>>> print(open('coords.pdb').read())   # PDB, C-alpha atoms
MODEL        1
ATOM      1  CA  MET A 308      57.039 -12.792   1.481
ATOM      2  CA  GLU A 309      55.284 -12.519   4.809
ATOM      3  CA  SER A 310      51.846 -12.570   3.154
ATOM      4  CA  GLU A 311      52.814 -15.545   0.978
ATOM      5  CA  ARG A 312      53.847 -17.566   4.014
ATOM      6  CA  HIS A 313      50.642 -16.937   5.911
ATOM      7  CA  GLY A 314      48.242 -17.030   2.950
ATOM      8  CA  PRO A 315      47.734 -20.842   2.932
ATOM      9  CA  GLU A 316      47.105 -20.842   6.665
ATOM     10  CA  ARG A 317      44.326 -18.291   6.268
ATOM     11  CA  ASP A 318      42.863 -20.197   3.326
ATOM     12  CA  ALA A 319      42.837 -23.386   5.368
ATOM     13  CA  GLY A 320      40.285 -21.848   7.667
ATOM     14  CA  ARG A 321      38.032 -20.615   4.869
ATOM     15  CA  GLY A 322      35.038 -22.590   3.742
ATOM     16  CA  ILE A 323      34.271 -24.410   6.982
ATOM     17  CA  LEU A 324      30.987 -22.558   7.247
ATOM     18  CA  GLY A 325      30.822 -21.451   3.622
ATOM     19  CA  ALA A 326      33.174 -19.998   1.062
ATOM     20  CA  GLU A 327      31.536 -16.593   1.212
ATOM     21  CA  GLY A 328      31.504 -16.334   4.978
ATOM     22  CA  PRO A 329      34.188 -15.013   7.333
ATOM     23  CA  GLU A 330      37.358 -16.976   7.884
ATOM     24  CA  VAL A 331      36.977 -19.462  10.718
ATOM     25  CA  THR A 332      40.046 -20.889  12.407
ATOM     26  CA  ASP A 333      38.577 -21.767  15.801
ATOM     27  CA  LEU A 334      36.838 -25.140  15.593
ATOM     28  CA  ARG A 335      34.846 -24.210  18.671
ATOM     29  CA  LEU A 336      32.957 -21.748  16.496
ATOM     30  CA  VAL A 337      32.248 -24.515  14.020
ATOM     31  CA  ARG A 338      30.963 -26.814  16.756
ATOM     32  CA  GLY A 339      28.859 -23.996  18.146
ATOM     33  CA  ALA A 340      27.330 -23.271  14.736
ATOM     34  CA  ARG A 341      26.540 -26.924  14.197
ATOM     35  CA  ALA A 342      25.022 -27.232  17.644
ATOM     36  CA  ARG A 343      22.906 -24.152  16.978
ATOM     37  CA  GLN A 344      21.652 -25.611  13.702
ATOM     38  CA  ARG A 345      20.844 -28.925  15.374
ATOM     39  CA  VAL A 346      18.901 -27.294  18.193
ATOM     40  CA  ALA A 347      17.063 -24.940  15.824
ATOM     41  CA  ARG A 348      16.032 -27.812  13.558
ATOM     42  CA  HIS A 349      14.646 -29.802  16.495
ATOM     43  CA  ALA A 350      12.874 -26.661  17.662
ATOM     44  CA  VAL A 351      11.075 -26.557  14.302
ATOM     45  CA  ASP A 352       9.551 -29.986  14.885
ATOM     46  CA  ILE A 353       8.434 -29.030  18.391
ATOM     47  CA  ALA A 354       6.986 -25.725  17.194
ATOM     48  CA  SER A 355       5.110 -27.422  14.351
ATOM     49  CA  LEU A 356       3.329 -29.482  17.002
ATOM     50  CA  ASP A 357       3.097 -27.200  20.048
ATOM     51  CA  GLY A 358       3.734 -23.772  18.543
ATOM     52  CA  LEU A 359       6.683 -21.461  19.041
ATOM     53  CA  ASP A 360       5.357 -20.640  22.492
ATOM     54  CA  GLY A 361       5.904 -24.299  23.388
ATOM     55  CA  LEU A 362       9.664 -23.994  22.981
ATOM     56  CA  SER A 363      11.910 -23.925  26.017
ATOM     57  CA  ILE A 364      15.641 -24.118  26.593
ATOM     58  CA  GLY A 365      15.172 -26.920  29.100
ATOM     59  CA  ARG A 366      13.021 -29.068  26.829
ATOM     60  CA  LEU A 367      15.435 -28.784  23.916
ATOM     61  CA  ALA A 368      18.422 -29.567  26.127
ATOM     62  CA  ALA A 369      16.722 -32.668  27.536
ATOM     63  CA  ASP A 370      15.554 -33.892  24.112
ATOM     64  CA  LEU A 371      18.998 -33.542  22.545
ATOM     65  CA  GLY A 372      21.118 -34.603  25.508
ATOM     66  CA  LEU A 373      22.710 -31.194  25.873
ATOM     67  CA  SER A 374      23.306 -29.043  28.915
ATOM     68  CA  LYS A 375      20.721 -26.376  29.596
ATOM     69  CA  SER A 376      23.479 -23.813  30.071
ATOM     70  CA  GLY A 377      24.963 -24.780  26.713
ATOM     71  CA  VAL A 378      21.687 -24.204  24.880
ATOM     72  CA  GLN A 379      21.190 -20.971  26.816
ATOM     73  CA  THR A 380      24.602 -19.776  25.640
ATOM     74  CA  LEU A 381      23.714 -20.517  22.004
ATOM     75  CA  PHE A 382      20.509 -18.474  21.952
ATOM     76  CA  ARG A 383      20.472 -16.236  25.071
ATOM     77  CA  THR A 384      16.719 -15.546  24.918
ATOM     78  CA  LYS A 385      13.556 -17.443  24.042
ATOM     79  CA  GLU A 386      12.818 -14.970  21.264
ATOM     80  CA  ASN A 387      16.188 -15.675  19.684
ATOM     81  CA  LEU A 388      15.403 -19.377  19.854
ATOM     82  CA  GLN A 389      12.017 -18.793  18.236
ATOM     83  CA  LEU A 390      13.595 -16.736  15.461
ATOM     84  CA  ALA A 391      16.243 -19.397  14.862
ATOM     85  CA  ALA A 392      13.510 -22.035  14.591
ATOM     86  CA  ALA A 393      11.563 -19.914  12.112
ATOM     87  CA  GLU A 394      14.649 -19.377   9.946
ATOM     88  CA  SER A 395      15.497 -23.073  10.076
ATOM     89  CA  ALA A 396      11.974 -23.929   8.938
ATOM     90  CA  HIS A 397      12.232 -21.428   6.105
ATOM     91  CA  ARG A 398      15.543 -22.869   4.907
ATOM     92  CA  GLU A 399      14.115 -26.381   4.936
ATOM     93  CA  PHE A 400      11.015 -25.261   3.049
ATOM     94  CA  GLU A 401      13.122 -23.510   0.426
ATOM     95  CA  ARG A 402      15.278 -26.599   0.018
ATOM     96  CA  ALA A 403      12.365 -29.008  -0.261
ATOM     97  CA  VAL A 404       9.761 -26.976  -2.149
ATOM     98  CA  VAL A 405      11.243 -23.965  -3.928
ATOM     99  CA  ARG A 406      14.714 -24.888  -5.137
ATOM    100  CA  PRO A 407      13.714 -28.078  -7.011
ATOM    101  CA  THR A 408      11.305 -26.059  -9.178
ATOM    102  CA  ARG A 409      13.856 -23.563 -10.490
ATOM    103  CA  SER A 410      14.690 -25.801 -13.440
ATOM    104  CA  PHE A 411      11.090 -25.483 -14.687
ATOM    105  CA  PRO A 412      10.127 -22.638 -17.008
ATOM    106  CA  ALA A 413       8.584 -19.726 -15.101
ATOM    107  CA  GLY A 414       4.821 -19.617 -15.464
ATOM    108  CA  SER A 415       2.316 -22.455 -15.485
ATOM    109  CA  ALA A 416       4.971 -25.213 -15.520
ATOM    110  CA  ARG A 417       6.691 -23.863 -12.415
ATOM    111  CA  LEU A 418       3.379 -23.294 -10.653
ATOM    112  CA  ARG A 419       2.459 -26.937 -11.224
ATOM    113  CA  ALA A 420       5.891 -27.991  -9.949
ATOM    114  CA  LEU A 421       5.527 -25.801  -6.866
ATOM    115  CA  THR A 422       2.122 -27.352  -6.242
ATOM    116  CA  GLU A 423       3.530 -30.886  -6.435
ATOM    117  CA  HIS A 424       6.453 -30.135  -4.142
ATOM    118  CA  TRP A 425       4.159 -28.379  -1.679
ATOM    119  CA  ILE A 426       1.915 -31.449  -1.606
ATOM    120  CA  VAL A 427       4.907 -33.658  -0.807
ATOM    121  CA  TYR A 428       5.959 -31.169   1.883
ATOM    122  CA  ALA A 429       2.525 -31.343   3.503
ATOM    123  CA  GLN A 430       1.876 -35.049   3.004
ATOM    124  CA  THR A 431       5.180 -36.548   4.139
ATOM    125  CA  PRO A 432       5.405 -34.190   6.196
ATOM    126  CA  LEU A 433       8.695 -32.285   6.322
ATOM    127  CA  PHE A 434       7.974 -31.211   9.912
ATOM    128  CA  ALA A 435       6.514 -33.374  12.666
ATOM    129  CA  GLY A 436       3.317 -31.365  12.996
ATOM    130  CA  GLY A 437       2.781 -30.506   9.347
ATOM    131  CA  CYS A 438       3.061 -27.004   7.974
ATOM    132  CA  PHE A 439       5.146 -24.847  10.324
ATOM    133  CA  TRP A 440       3.398 -21.605   9.321
ATOM    134  CA  SER A 441      -0.111 -23.006   9.614
ATOM    135  CA  ALA A 442       0.801 -23.995  13.150
ATOM    136  CA  ASN A 443       2.274 -20.644  14.152
ATOM    137  CA  LEU A 444       0.887 -17.744  12.129
ATOM    138  CA  PRO A 445      -2.539 -17.828  13.829
ATOM    139  CA  ALA A 446      -0.857 -17.388  17.204
ATOM    140  CA  TYR A 447       1.229 -14.410  16.069
ATOM    141  CA  ASP A 448      -0.989 -12.587  13.590
ATOM    142  CA  SER A 449      -2.015 -10.076  16.269
ATOM    143  CA  ARG A 450       1.238  -9.987  18.245
ATOM    144  CA  PRO A 451       3.645  -7.363  16.854
ATOM    145  CA  GLY A 452       7.304  -8.176  17.164
ATOM    146  CA  ALA A 453      10.293  -9.835  15.553
ATOM    147  CA  VAL A 454       8.764 -13.315  15.477
ATOM    148  CA  ARG A 455       5.612 -12.123  13.743
ATOM    149  CA  ASP A 456       7.728 -10.144  11.282
ATOM    150  CA  ALA A 457       9.787 -13.218  10.398
ATOM    151  CA  LEU A 458       6.759 -15.457   9.900
ATOM    152  CA  LEU A 459       5.032 -12.800   7.827
ATOM    153  CA  ALA A 460       8.114 -12.315   5.636
ATOM    154  CA  HIS A 461       8.257 -16.044   4.912
ATOM    155  CA  ARG A 462       4.576 -16.126   4.017
ATOM    156  CA  ASP A 463       4.861 -13.047   1.816
ATOM    157  CA  ALA A 464       7.828 -14.544  -0.055
ATOM    158  CA  TRP A 465       5.839 -17.712  -0.816
ATOM    159  CA  LEU A 466       2.752 -15.829  -1.978
ATOM    160  CA  LYS A 467       4.888 -13.492  -4.075
ATOM    161  CA  LEU A 468       6.453 -16.502  -5.771
ATOM    162  CA  ILE A 469       3.024 -17.927  -6.620
ATOM    163  CA  GLY A 470       1.893 -14.545  -7.926
ATOM    164  CA  GLU A 471       4.992 -14.248 -10.118
ATOM    165  CA  GLN A 472       4.214 -17.570 -11.811
ATOM    166  CA  LEU A 473       0.628 -16.540 -12.477
ATOM    167  CA  ARG A 474       1.683 -13.192 -13.924
ATOM    168  CA  ARG A 475       4.263 -14.901 -16.110
ATOM    169  CA  ALA A 476       1.687 -17.412 -17.338
ATOM    170  CA  VAL A 477      -0.686 -14.578 -18.248
ATOM    171  CA  GLY A 478       2.093 -12.499 -19.808
ATOM    172  CA  ASP A 479       3.291 -15.423 -21.934
ATOM    173  CA  ASP A 480      -0.280 -16.069 -23.094
ATOM    174  CA  GLU A 481      -0.299 -19.504 -21.441
ATOM    175  CA  ILE A 482      -3.523 -18.812 -19.589
ATOM    176  CA  ALA A 483      -6.380 -16.370 -19.875
ATOM    177  CA  PRO A 484      -6.100 -13.075 -17.935
ATOM    178  CA  LEU A 485      -7.134 -13.334 -14.301
ATOM    179  CA  ASP A 486      -7.066 -11.378 -11.057
ATOM    180  CA  VAL A 487      -3.658 -12.458  -9.762
ATOM    181  CA  GLU A 488      -4.051 -11.151  -6.212
ATOM    182  CA  LEU A 489      -7.421 -12.845  -5.816
ATOM    183  CA  THR A 490      -6.118 -16.094  -7.273
ATOM    184  CA  VAL A 491      -3.125 -16.109  -4.920
ATOM    185  CA  PHE A 492      -5.488 -15.520  -1.995
ATOM    186  CA  GLN A 493      -7.647 -18.446  -3.105
ATOM    187  CA  LEU A 494      -4.696 -20.785  -3.588
ATOM    188  CA  ASP A 495      -3.343 -19.858  -0.154
ATOM    189  CA  ALA A 496      -6.717 -20.641   1.396
ATOM    190  CA  VAL A 497      -6.879 -23.985  -0.399
ATOM    191  CA  CYS A 498      -3.406 -24.973   0.786
ATOM    192  CA  ASN A 499      -4.232 -24.061   4.386
ATOM    193  CA  ALA A 500      -7.416 -26.114   4.236
ATOM    194  CA  ALA A 501      -5.607 -29.008   2.577
ATOM    195  CA  ASN A 502      -2.885 -29.034   5.225
ATOM    196  CA  ILE A 503      -5.484 -29.449   7.953
ATOM    197  CA  ALA A 504      -7.332 -32.106   5.947
ATOM    198  CA  MET A 505      -4.129 -34.081   5.383
ATOM    199  CA  ARG A 506      -3.299 -33.999   9.064
ATOM    200  CA  LEU A 507      -6.783 -35.359   9.766
ATOM    201  CA  GLY A 508      -6.299 -38.212   7.317
ATOM    202  CA  ASP A 509      -8.129 -36.932   4.234
ATOM    203  CA  ASP A 510      -6.503 -38.940   1.431
ATOM    204  CA  GLY A 511      -8.270 -36.854  -1.195
ATOM    205  CA  ALA A 512      -6.908 -33.474  -0.088
ATOM    206  CA  ALA A 513      -3.922 -33.499  -2.458
ATOM    207  CA  ARG A 514      -6.158 -34.328  -5.398
ATOM    208  CA  LYS A 515      -8.365 -31.377  -4.526
ATOM    209  CA  VAL A 516      -5.401 -29.011  -4.463
ATOM    210  CA  ARG A 517      -4.365 -30.190  -7.929
ATOM    211  CA  ARG A 518      -7.891 -29.725  -9.237
ATOM    212  CA  VAL A 519      -8.064 -26.165  -7.919
ATOM    213  CA  VAL A 520      -4.715 -25.245  -9.474
ATOM    214  CA  GLU A 521      -5.690 -26.813 -12.790
ATOM    215  CA  GLY A 522      -8.966 -24.920 -12.629
ATOM    216  CA  PHE A 523      -6.987 -21.686 -12.874
ATOM    217  CA  LEU A 524      -4.586 -23.015 -15.498
ATOM    218  CA  ARG A 525      -6.921 -24.909 -17.794
ATOM    219  CA  GLY A 526      -7.615 -21.736 -19.759
ATOM    220  CA  ALA A 527      -4.303 -22.392 -21.511
ATOM    221  CA  ARG A 528      -4.287 -21.067 -25.033
TER     222      ARG A 528
ENDMDL
END
>>> encode(input="coords.pdb", output="structure tokens")
Amino acid sequence: MESERHGPERDAGRGILGAEGPEVTDLRLVRGARARQRVARHAVDIASLDGLDGLSIGRLAADLGLSKSGVQTLFRTKENLQLAAAESAHREFERAVVRPTRSFPAGSARLRALTEHWIVYAQTPLFAGGCFWSANLPAYDSRPGAVRDALLAHRDAWLKLIGEQLRRAVGDDEIAPLDVELTVFQLDAVCNAANIAMRLGDDGAARKVRRVVEGFLRGAR
């Protein structure tokens, strides 16, 4: 009887931050989580323009009208703030570019869909300074640590996804056999170049990306 009486009260706290997460009954935790997400998302825009090294507790507090001590409490260290920004960027990228393509058949169709969503991501852009990883990976490629590891993991996940679509297209006899690792490398280079070109006002950059992708896929059988 005791458990029946208290069961609904425990359930009332579930789902505030997600049905699969821990029970949350203290709304202060909810407010803190929301504040953390808000600060991290703004940090992404700053870092896409000025790099992760350009982040500071004071700047974020001033921009968002928060107390410096409050932001300090949320993240404790600059590295934690940088990591939170990187994870926020990754979640946004997944939401905007990856998830919408899951309804497409794996292989050439999904690769084309990924290409189109990536172009929208870079053209719109999703972040104030354009591609978050183009802005930050060059600064961290030779700096071992947690931030580099996070950025590298995000990049590897994206390239792995592209490689999986190419392998599926070859395996399903949609396209002629090709060197998948080399093709992924080439597509990554094209996207990096296109991101810079778009930021500099090249209206033809997206068309060039499509042409490169189709160049690999036009061997369809």
>>> axis_aligned_box(input="coords.pdb", around="region 465-484 of chain A", padding_each_side="6 Å", output="JSON")
{"center_x": 0.0, "center_y": -16.0, "center_z": -12.0, "size_x": 24.8, "size_y": 19.0, "size_z": 34.3}
>>> residues_near_point(input="coords.pdb", point="(4.0, -33.9, 6.9)", cutoff="12 Å", atoms="only C-alpha atoms", output="list in words")
Asp352, Ser355, Leu356, Phe400, His424, Trp425, Ile426, Val427, Tyr428, Ala429, Gln430, Thr431, Pro432, Leu433, Phe434, Ala435, Gly436, Gly437, Cys438, Phe439, Ser441, Ala501, Asn502, Ile503, Ala504, Met505, Arg506, Leu507 and Gly508 of chain A
>>> residues_near_point(input="coords.pdb", point="(5.8, -17.8, 2.5)", cutoff="12 Å", atoms="only C-alpha atoms", output="ChimeraX atom specification")
/A:393-394,396-398,400-401,404-405,425,438-441,444,456-470,491,495,498-499
>>> resolve_selection(input="coords.pdb", expression="the PyMOL selection byres ((chain A and resi 478-483) around 10)", output="VMD selection string")
chain A and resid 413 to 416 472 to 477 484 to 485 523 to 528
>>> write_last_selection(input="coords.pdb", atoms="C-alpha atoms", output="compact mmCIF listing (two decimals), in the frame of the given file")
# COMPACT_ATOMS: atom_id res chain seq x y z
CA ALA A 413 8.58 -19.73 -15.10
CA GLY A 414 4.82 -19.62 -15.46
CA SER A 415 2.32 -22.46 -15.48
CA ALA A 416 4.97 -25.21 -15.52
CA GLN A 472 4.21 -17.57 -11.81
CA LEU A 473 0.63 -16.54 -12.48
CA ARG A 474 1.68 -13.19 -13.92
CA ARG A 475 4.26 -14.90 -16.11
CA ALA A 476 1.69 -17.41 -17.34
CA VAL A 477 -0.69 -14.58 -18.25
CA PRO A 484 -6.10 -13.08 -17.93
CA LEU A 485 -7.13 -13.33 -14.30
CA PHE A 523 -6.99 -21.69 -12.87
CA LEU A 524 -4.59 -23.02 -15.50
CA ARG A 525 -6.92 -24.91 -17.79
CA GLY A 526 -7.62 -21.74 -19.76
CA ALA A 527 -4.30 -22.39 -21.51
CA ARG A 528 -4.29 -21.07 -25.03
>>> atom_distance(input="coords.pdb", atom1="CA of Arg343 (chain A)", atom2="CA of Tyr447 (chain A)")
23.8 Å
>>> decode(input="coords.pdb", residues="region 431-488 of chain A", atoms="C-alpha atoms", output="PDB file, in the first residue's frame")
ATOM      1  CA  THR A 431      21.684  29.087 -44.096  1.00  0.00           C
ATOM      2  CA  PRO A 432      23.862  28.695 -41.873  1.00  0.00           C
ATOM      3  CA  LEU A 433      22.856  26.757 -38.759  1.00  0.00           C
ATOM      4  CA  PHE A 434      25.598  28.492 -36.752  1.00  0.00           C
ATOM      5  CA  ALA A 435      26.536  32.164 -36.916  1.00  0.00           C
ATOM      6  CA  GLY A 436      30.006  31.551 -38.312  1.00  0.00           C
ATOM      7  CA  GLY A 437      29.221  28.620 -40.579  1.00  0.00           C
ATOM      8  CA  CYS A 438      30.486  25.121 -39.966  1.00  0.00           C
ATOM      9  CA  PHE A 439      31.439  24.704 -36.300  1.00  0.00           C
ATOM     10  CA  TRP A 440      34.070  22.033 -37.017  1.00  0.00           C
ATOM     11  CA  SER A 441      35.712  23.926 -39.860  1.00  0.00           C
ATOM     12  CA  ALA A 442      36.119  26.803 -37.436  1.00  0.00           C
ATOM     13  CA  ASN A 443      37.576  24.750 -34.596  1.00  0.00           C
ATOM     14  CA  LEU A 444      39.303  21.582 -35.783  1.00  0.00           C
ATOM     15  CA  PRO A 445      42.306  23.436 -37.262  1.00  0.00           C
ATOM     16  CA  ALA A 446      42.974  25.019 -33.876  1.00  0.00           C
ATOM     17  CA  TYR A 447      42.834  21.704 -32.006  1.00  0.00           C
ATOM     18  CA  ASP A 448      44.269  19.177 -34.444  1.00  0.00           C
ATOM     19  CA  SER A 449      47.654  19.329 -32.695  1.00  0.00           C
ATOM     20  CA  ARG A 450      46.434  19.936 -29.140  1.00  0.00           C
ATOM     21  CA  PRO A 451      45.755  16.645 -27.316  1.00  0.00           C
ATOM     22  CA  GLY A 452      42.976  16.726 -24.784  1.00  0.00           C
ATOM     23  CA  ALA A 453      39.271  16.279 -24.180  1.00  0.00           C
ATOM     24  CA  VAL A 454      38.194  19.049 -26.552  1.00  0.00           C
ATOM     25  CA  ARG A 455      40.215  17.654 -29.438  1.00  0.00           C
ATOM     26  CA  ASP A 456      38.864  14.180 -28.692  1.00  0.00           C
ATOM     27  CA  ALA A 457      35.270  15.422 -28.821  1.00  0.00           C
ATOM     28  CA  LEU A 458      35.735  17.306 -32.086  1.00  0.00           C
ATOM     29  CA  LEU A 459      37.522  14.348 -33.634  1.00  0.00           C
ATOM     30  CA  ALA A 460      34.764  11.946 -32.557  1.00  0.00           C
ATOM     31  CA  HIS A 461      32.132  14.142 -34.199  1.00  0.00           C
ATOM     32  CA  ARG A 462      34.131  14.327 -37.414  1.00  0.00           C
ATOM     33  CA  ASP A 463      34.769  10.586 -37.441  1.00  0.00           C
ATOM     34  CA  ALA A 464      31.057   9.855 -36.952  1.00  0.00           C
ATOM     35  CA  TRP A 465      30.161  12.036 -39.955  1.00  0.00           C
ATOM     36  CA  LEU A 466      32.808  10.506 -42.209  1.00  0.00           C
ATOM     37  CA  LYS A 467      31.820   7.009 -41.104  1.00  0.00           C
ATOM     38  CA  LEU A 468      28.225   7.764 -42.052  1.00  0.00           C
ATOM     39  CA  ILE A 469      29.281   8.904 -45.530  1.00  0.00           C
ATOM     40  CA  GLY A 470      31.447   5.812 -45.934  1.00  0.00           C
ATOM     41  CA  GLU A 471      28.565   3.543 -44.911  1.00  0.00           C
ATOM     42  CA  GLN A 472      26.350   4.982 -47.654  1.00  0.00           C
ATOM     43  CA  LEU A 473      29.048   4.496 -50.271  1.00  0.00           C
ATOM     44  CA  ARG A 474      29.673   0.907 -49.199  1.00  0.00           C
ATOM     45  CA  ARG A 475      25.952   0.197 -49.251  1.00  0.00           C
ATOM     46  CA  ALA A 476      25.625   1.708 -52.725  1.00  0.00           C
ATOM     47  CA  VAL A 477      28.473  -0.484 -53.979  1.00  0.00           C
ATOM     48  CA  GLY A 478      27.147  -3.564 -52.180  1.00  0.00           C
ATOM     49  CA  ASP A 479      23.653  -3.085 -53.619  1.00  0.00           C
ATOM     50  CA  ASP A 480      25.125  -2.686 -57.111  1.00  0.00           C
ATOM     51  CA  GLU A 481      23.851   0.899 -57.345  1.00  0.00           C
ATOM     52  CA  ILE A 482      27.248   2.250 -58.313  1.00  0.00           C
ATOM     53  CA  ALA A 483      30.469   0.849 -59.681  1.00  0.00           C
ATOM     54  CA  PRO A 484      33.113  -0.310 -57.159  1.00  0.00           C
ATOM     55  CA  LEU A 485      35.294   2.482 -55.820  1.00  0.00           C
ATOM     56  CA  ASP A 486      37.876   3.195 -53.140  1.00  0.00           C
ATOM     57  CA  VAL A 487      35.551   4.168 -50.293  1.00  0.00           C
ATOM     58  CA  GLU A 488      38.195   5.645 -47.992  1.00  0.00           C
TER      59      GLU A 488
END
